[in-house]
>>> print(open('start-v3.txt').read())   # compact mmCIF, C-alpha atoms
# COMPACT_ATOMS: atom_id res chain seq x y z
CA THR Z 1 0.07 -11.81 11.19
CA ARG Z 2 0.25 -11.78 7.40
CA VAL Z 3 2.82 -13.63 5.31
CA LEU Z 4 3.60 -12.51 1.76
CA LEU Z 5 5.68 -14.36 -0.84
CA ASP Z 6 6.50 -12.25 -3.89
CA LEU Z 7 8.25 -13.69 -6.96
CA GLY Z 8 9.28 -11.61 -9.95
CA LEU Z 9 11.33 -11.51 -13.12
CA GLU Z 10 12.94 -8.28 -14.28
CA ARG Z 11 14.81 -7.30 -17.42
CA TRP Z 12 17.85 -5.01 -17.24
CA ASP Z 13 19.02 -3.22 -20.41
CA PHE Z 14 21.81 -0.62 -20.53
CA ARG Z 15 22.75 1.94 -23.18
CA ARG Z 16 25.34 4.70 -23.47
CA ALA Z 17 24.39 8.36 -23.19
CA ASP Z 18 26.13 11.17 -25.06
CA ASP Z 19 28.28 11.96 -22.01
CA THR Z 20 29.17 8.39 -21.00
CA ALA Z 21 32.93 8.07 -20.55
CA GLU Z 22 34.64 5.87 -23.11
CA ALA Z 23 36.39 3.93 -20.35
CA PHE Z 24 33.07 3.10 -18.69
CA VAL Z 25 32.13 -0.55 -19.29
CA LEU Z 26 28.35 -1.00 -19.41
CA PRO Z 27 26.75 -3.72 -17.28
CA ARG Z 28 25.61 -6.69 -19.32
CA ASP Z 29 21.95 -6.87 -20.34
CA THR Z 30 20.35 -9.60 -18.30
CA PHE Z 31 17.26 -11.09 -16.69
CA GLU Z 32 17.05 -10.97 -12.90
CA SER Z 33 14.75 -13.17 -10.83
CA VAL Z 34 13.79 -11.86 -7.39
CA ALA Z 35 12.14 -13.59 -4.42
CA ARG Z 36 10.83 -11.74 -1.34
CA LEU Z 37 9.35 -13.23 1.83
CA GLU Z 38 7.69 -10.79 4.23
CA THR Z 39 5.79 -11.10 7.49
CA GLN Z 40 3.70 -8.31 9.03
CA THR Z 41 2.32 -8.46 12.56
CA VAL Z 42 -0.27 -5.93 13.75
CA LEU Z 43 -0.31 -5.15 17.47
CA GLY Z 44 -2.97 -2.50 18.04
CA SER Z 45 -1.74 0.67 16.34
CA THR Z 46 1.75 -0.78 15.71
CA THR Z 47 2.84 -2.85 12.70
CA LEU Z 48 6.04 -4.91 12.78
CA THR Z 49 7.64 -6.00 9.49
CA LEU Z 50 10.37 -8.57 8.88
CA ALA Z 51 11.43 -9.27 5.30
CA GLY Z 52 14.13 -11.10 3.38
CA GLU Z 53 14.88 -10.70 -0.34
CA ALA Z 54 17.25 -12.33 -2.81
CA GLY Z 55 18.02 -11.88 -6.50
CA TRP Z 56 19.78 -13.92 -9.17
CA ARG Z 57 21.05 -12.55 -12.49
CA ALA Z 58 21.22 -14.81 -15.51
CA ASP Z 59 24.37 -13.15 -16.85
CA TRP Z 60 26.64 -10.51 -15.30
CA GLU Z 61 30.20 -9.33 -15.82
CA ALA Z 62 32.54 -6.70 -14.39
CA TRP Z 63 31.34 -3.16 -15.19
CA GLY Z 64 32.03 0.51 -14.39
CA MET Z 65 35.08 2.70 -15.05
CA ASN Z 66 37.69 0.35 -16.52
CA ALA Z 67 35.46 -2.55 -15.37
CA GLU Z 68 36.40 -1.91 -11.73
CA ASN Z 69 33.12 -3.22 -10.25
CA ALA Z 70 33.23 -6.94 -9.59
CA PRO Z 71 30.42 -9.05 -11.07
CA LYS Z 72 27.86 -10.09 -8.44
CA ARG Z 73 25.32 -12.41 -9.99
CA SER Z 74 23.37 -12.94 -6.76
CA TRP Z 75 22.54 -10.75 -3.76
CA ARG Z 76 20.62 -10.86 -0.49
CA ARG Z 77 18.89 -8.17 1.54
CA GLY Z 78 16.97 -8.04 4.84
CA GLN Z 79 14.68 -5.48 6.45
CA ILE Z 80 13.24 -4.84 9.92
CA GLY Z 81 10.61 -2.15 10.31
CA ILE Z 82 8.12 -0.75 12.79
CA VAL Z 83 5.28 1.69 12.08
CA ARG Z 84 3.00 3.24 14.67
CA GLU Z 85 -0.10 5.11 13.51
CA THR Z 86 -2.33 6.91 16.00
CA THR Z 87 -5.09 9.52 16.04
CA PRO Z 88 -4.25 12.18 18.68
CA PHE Z 89 -7.68 13.68 18.09
CA PRO Z 90 -10.55 12.93 15.66
CA LEU Z 91 -9.59 12.98 11.96
CA ALA Z 92 -5.91 13.68 12.72
CA LYS Z 93 -3.24 11.07 11.96
CA LEU Z 94 0.24 10.73 13.47
CA ASN Z 95 2.56 8.27 11.73
CA LEU Z 96 5.96 7.26 13.17
CA LYS Z 97 8.30 4.76 11.53
CA ALA Z 98 11.73 3.17 11.93
CA GLN Z 99 13.55 0.82 9.54
CA PHE Z 100 16.88 -0.95 9.29
CA LEU Z 101 18.07 -2.54 6.04
CA ALA Z 102 21.25 -4.48 5.28
CA GLY Z 103 22.48 -7.04 2.80
CA SER Z 104 25.38 -8.86 1.23
CA ASP Z 105 26.89 -8.83 -2.28
CA LEU Z 106 24.99 -5.61 -3.03
CA ASP Z 107 25.74 -3.14 -5.82
CA ARG Z 108 24.06 0.07 -6.97
CA PHE Z 109 21.22 -1.93 -8.55
CA SER Z 110 20.36 -4.00 -5.46
CA ALA Z 111 21.34 -1.75 -2.52
CA PRO Z 112 18.52 -0.40 -0.29
CA SER Z 113 18.53 3.08 -1.80
CA PRO Z 114 16.11 5.69 -0.43
CA GLY Z 115 14.04 7.28 -3.19
CA ARG Z 116 10.92 9.28 -3.91
CA PHE Z 117 8.98 6.14 -4.83
CA GLY Z 118 8.72 2.83 -3.00
CA GLY Z 119 8.86 1.79 0.63
CA ILE Z 120 12.23 3.39 1.49
CA ARG Z 121 11.96 7.16 1.49
CA VAL Z 122 13.79 10.19 2.88
CA ARG Z 123 11.87 13.33 1.96
CA GLY Z 124 13.75 15.51 -0.53
CA VAL Z 125 16.55 13.01 -1.24
CA ALA Z 126 16.61 12.07 -4.93
CA SER Z 127 16.22 8.44 -6.00
CA GLY Z 128 19.53 6.70 -6.57
CA ARG Z 129 21.55 9.44 -4.84
CA VAL Z 130 22.74 7.04 -2.09
CA THR Z 131 23.12 3.25 -2.52
CA PRO Z 132 24.39 1.98 0.84
CA GLU Z 133 25.16 -1.50 2.12
CA ARG Z 134 23.30 -0.63 5.35
CA LEU Z 135 20.67 1.97 6.06
CA ALA Z 136 18.91 3.02 9.30
CA LEU Z 137 15.91 5.30 8.91
CA VAL Z 138 13.43 7.09 11.17
CA GLY Z 139 10.62 9.42 10.20
CA GLY Z 140 7.26 10.82 11.05
CA SER Z 141 4.31 12.71 9.63
CA PHE Z 142 1.29 14.49 11.01
CA ALA Z 143 -1.87 15.05 8.96
CA VAL Z 144 -4.96 17.09 9.82
CA PRO Z 145 -8.08 18.10 7.87
CA VAL Z 146 -8.26 21.74 6.83
CA GLY Z 147 -11.64 21.50 5.13
CA PRO Z 148 -14.33 18.99 4.17
CA ARG Z 149 -12.29 17.73 1.19
CA LEU Z 150 -8.73 18.74 2.01
CA ARG Z 151 -6.00 17.37 4.31
CA PHE Z 152 -2.65 18.97 5.19
CA GLU Z 153 0.45 16.97 6.11
CA VAL Z 154 3.90 17.86 7.44
CA GLY Z 155 6.70 15.33 7.83
CA ALA Z 156 10.41 14.79 8.37
CA ASP Z 157 12.82 11.89 7.80
CA ALA Z 158 16.37 11.13 8.94
CA ALA Z 159 18.68 8.29 7.96
CA TRP Z 160 22.22 7.03 8.43
CA ALA Z 161 24.00 5.29 5.54
CA TRP Z 162 27.03 3.00 5.48
CA GLU Z 163 28.63 2.55 2.05
CA GLU Z 164 32.21 1.47 1.50
CA ARG Z 165 32.22 2.55 -2.16
CA SER Z 166 31.65 6.20 -1.21
CA GLY Z 167 33.41 6.11 2.14
CA TYR Z 168 30.20 6.66 4.11
CA ASP Z 169 30.41 5.61 7.75
CA GLY Z 170 27.06 6.59 9.21
CA ARG Z 171 26.54 9.41 6.67
CA PHE Z 172 23.60 11.53 7.85
CA LEU Z 173 20.66 12.16 5.51
CA ALA Z 174 17.60 14.25 6.33
CA GLY Z 175 14.67 15.94 4.67
CA VAL Z 176 11.44 17.75 5.46
CA GLY Z 177 8.26 18.24 3.49
CA VAL Z 178 4.67 19.43 3.41
CA GLY Z 179 1.77 18.16 1.35
CA ILE Z 180 -1.95 18.30 0.71
CA SER Z 181 -4.45 15.70 -0.42
CA ALA Z 182 -7.93 16.28 -1.77
CA LYS Z 183 -10.75 14.36 -3.36
CA GLY Z 184 -10.62 14.67 -7.12
CA PRO Z 185 -13.20 14.02 -9.82
CA TRP Z 186 -14.44 10.52 -10.73
CA LYS Z 187 -13.41 8.96 -7.39
CA THR Z 188 -9.77 10.05 -7.68
CA LEU Z 189 -7.39 11.36 -5.02
CA LEU Z 190 -5.12 14.32 -5.74
CA GLU Z 191 -1.85 14.54 -3.78
CA ALA Z 192 0.71 17.35 -4.01
CA SER Z 193 3.85 17.88 -1.95
CA ALA Z 194 7.02 19.94 -1.66
CA SER Z 195 10.11 18.58 0.08
CA TYR Z 196 13.62 19.79 0.77
CA PRO Z 197 16.77 17.76 1.58
CA VAL Z 198 18.31 19.20 4.75
CA SER Z 199 21.34 16.89 4.42
CA THR Z 200 22.20 14.96 1.26
CA PRO Z 201 25.16 14.28 -1.06
CA GLY Z 202 25.25 16.50 -4.12
CA GLU Z 203 23.16 19.56 -4.84
CA ARG Z 204 20.15 20.50 -2.75
CA GLY Z 205 16.89 21.85 -4.08
CA VAL Z 206 13.14 21.78 -3.52
CA ALA Z 207 11.33 18.80 -5.06
CA PHE Z 208 7.68 19.14 -6.12
CA GLU Z 209 5.46 16.11 -6.71
CA VAL Z 210 1.86 15.80 -7.91
CA PHE Z 211 -0.07 12.51 -8.06
CA LEU Z 212 -3.56 11.76 -9.34
CA LEU Z 213 -4.55 8.37 -7.91
CA ARG Z 214 -7.44 6.18 -8.96
CA PRO Z 215 -8.21 3.12 -6.79
CA LEU Z 216 -8.98 -0.04 -8.71
>>> encode(input="start-v3.txt", output="structure tokens")
Amino acid sequence: TRVLLDLGLERWDFRRADDTAEAFVLPRDTFESVARLETQTVLGSTTLTLAGEAGWRADWEAWGMNAENAPKRSWRRGQIGIVRETTPFPLAKLNLKAQFLAGSDLDRFSAPSPGRFGGIRVRGVASGRVTPERLALVGGSFAVPVGPRLRFEVGADAAWAWEERSGYDGRFLAGVGVGISAKGPWKTLLEASASYPVSTPGERGVAFEVFLLRPL
């Protein structure tokens, strides 16, 4: 079992764009302190995660269209997760995951939003597209080598979102994707993927991502 305590300080600054409505009241610029306590327990090929997180904003006022969003200077969020990683045959990797996230006094800046970066991800769904109060997520991926320096991966994710602001009551989200990873020059790792949102609010389209990673 591993216990992690993470403390951070973030700065939020907001500006108007050319198409920002005149009646839209910007959130107040502020500092936000965040504390996260996480425990991870490894049981063979299964990892269990339990985490709690809280944030406090130094200054915050009502914001949004005609200042309709109430000011919430503090928020709390919890997460339960399970990941199982196995090797069905040599050099192949099967990854299965399930997560549940919920909180209180959340807004669009603190809600557990699935995105293309970070620990909460639904393939193909754009970051910030859904900001729910509660989110249940399942997913899986399967990776196999297709050469001495190349691996191929296929995966799918599904989630259910509850969000009073948008009227979501178990709104279904889903996405699929494929990717490759290869050894790059100077001890780097090249990753490329294409994903598509099967079910998502707003427009749907293929998302392409390319990463060049260098371990420190």
>>> atom_distance(input="start-v3.txt", atom1="atom CA of Val34 of chain Z", atom2="atom CA of Glu53 of chain Z")
7.2 Å
>>> closest_residue(input="start-v3.txt", among="Z:Leu189, Z:Ala126, Z:Val178, Z:Ile80", to="Ser141 of chain Z", atoms="only C-alpha atoms")
Z:Val178
>>> closest_residue(input="start-v3.txt", among="Z:Pro90, Z:Pro114, Z:Gly81, Z:Pro71", to="Thr46 of chain Z", atoms="only C-alpha atoms")
Z:Gly81
>>> residues_around(input="start-v3.txt", residues="Ala62 of chain Z", least_positions_apart="3", cutoff="10 Å", atoms="all atoms listed in the file", output="ChimeraX atom specification")
/Z:25-28,65-72
>>> atom_distance(input="start-v3.txt", atom1="atom CA of Gly119 of chain Z", atom2="atom CA of Ala58 of chain Z")
26.2 Å
>>> atom_distance(input="start-v3.txt", atom1="atom CA of Asn95 of chain Z", atom2="atom CA of Leu137 of chain Z")
14.0 Å
>>> closest_residue(input="start-v3.txt", among="Z:Val146, Z:Ala161, Z:Ser45, Z:Arg129", to="Glu203 of chain Z", atoms="all atoms listed in the file")
Z:Arg129
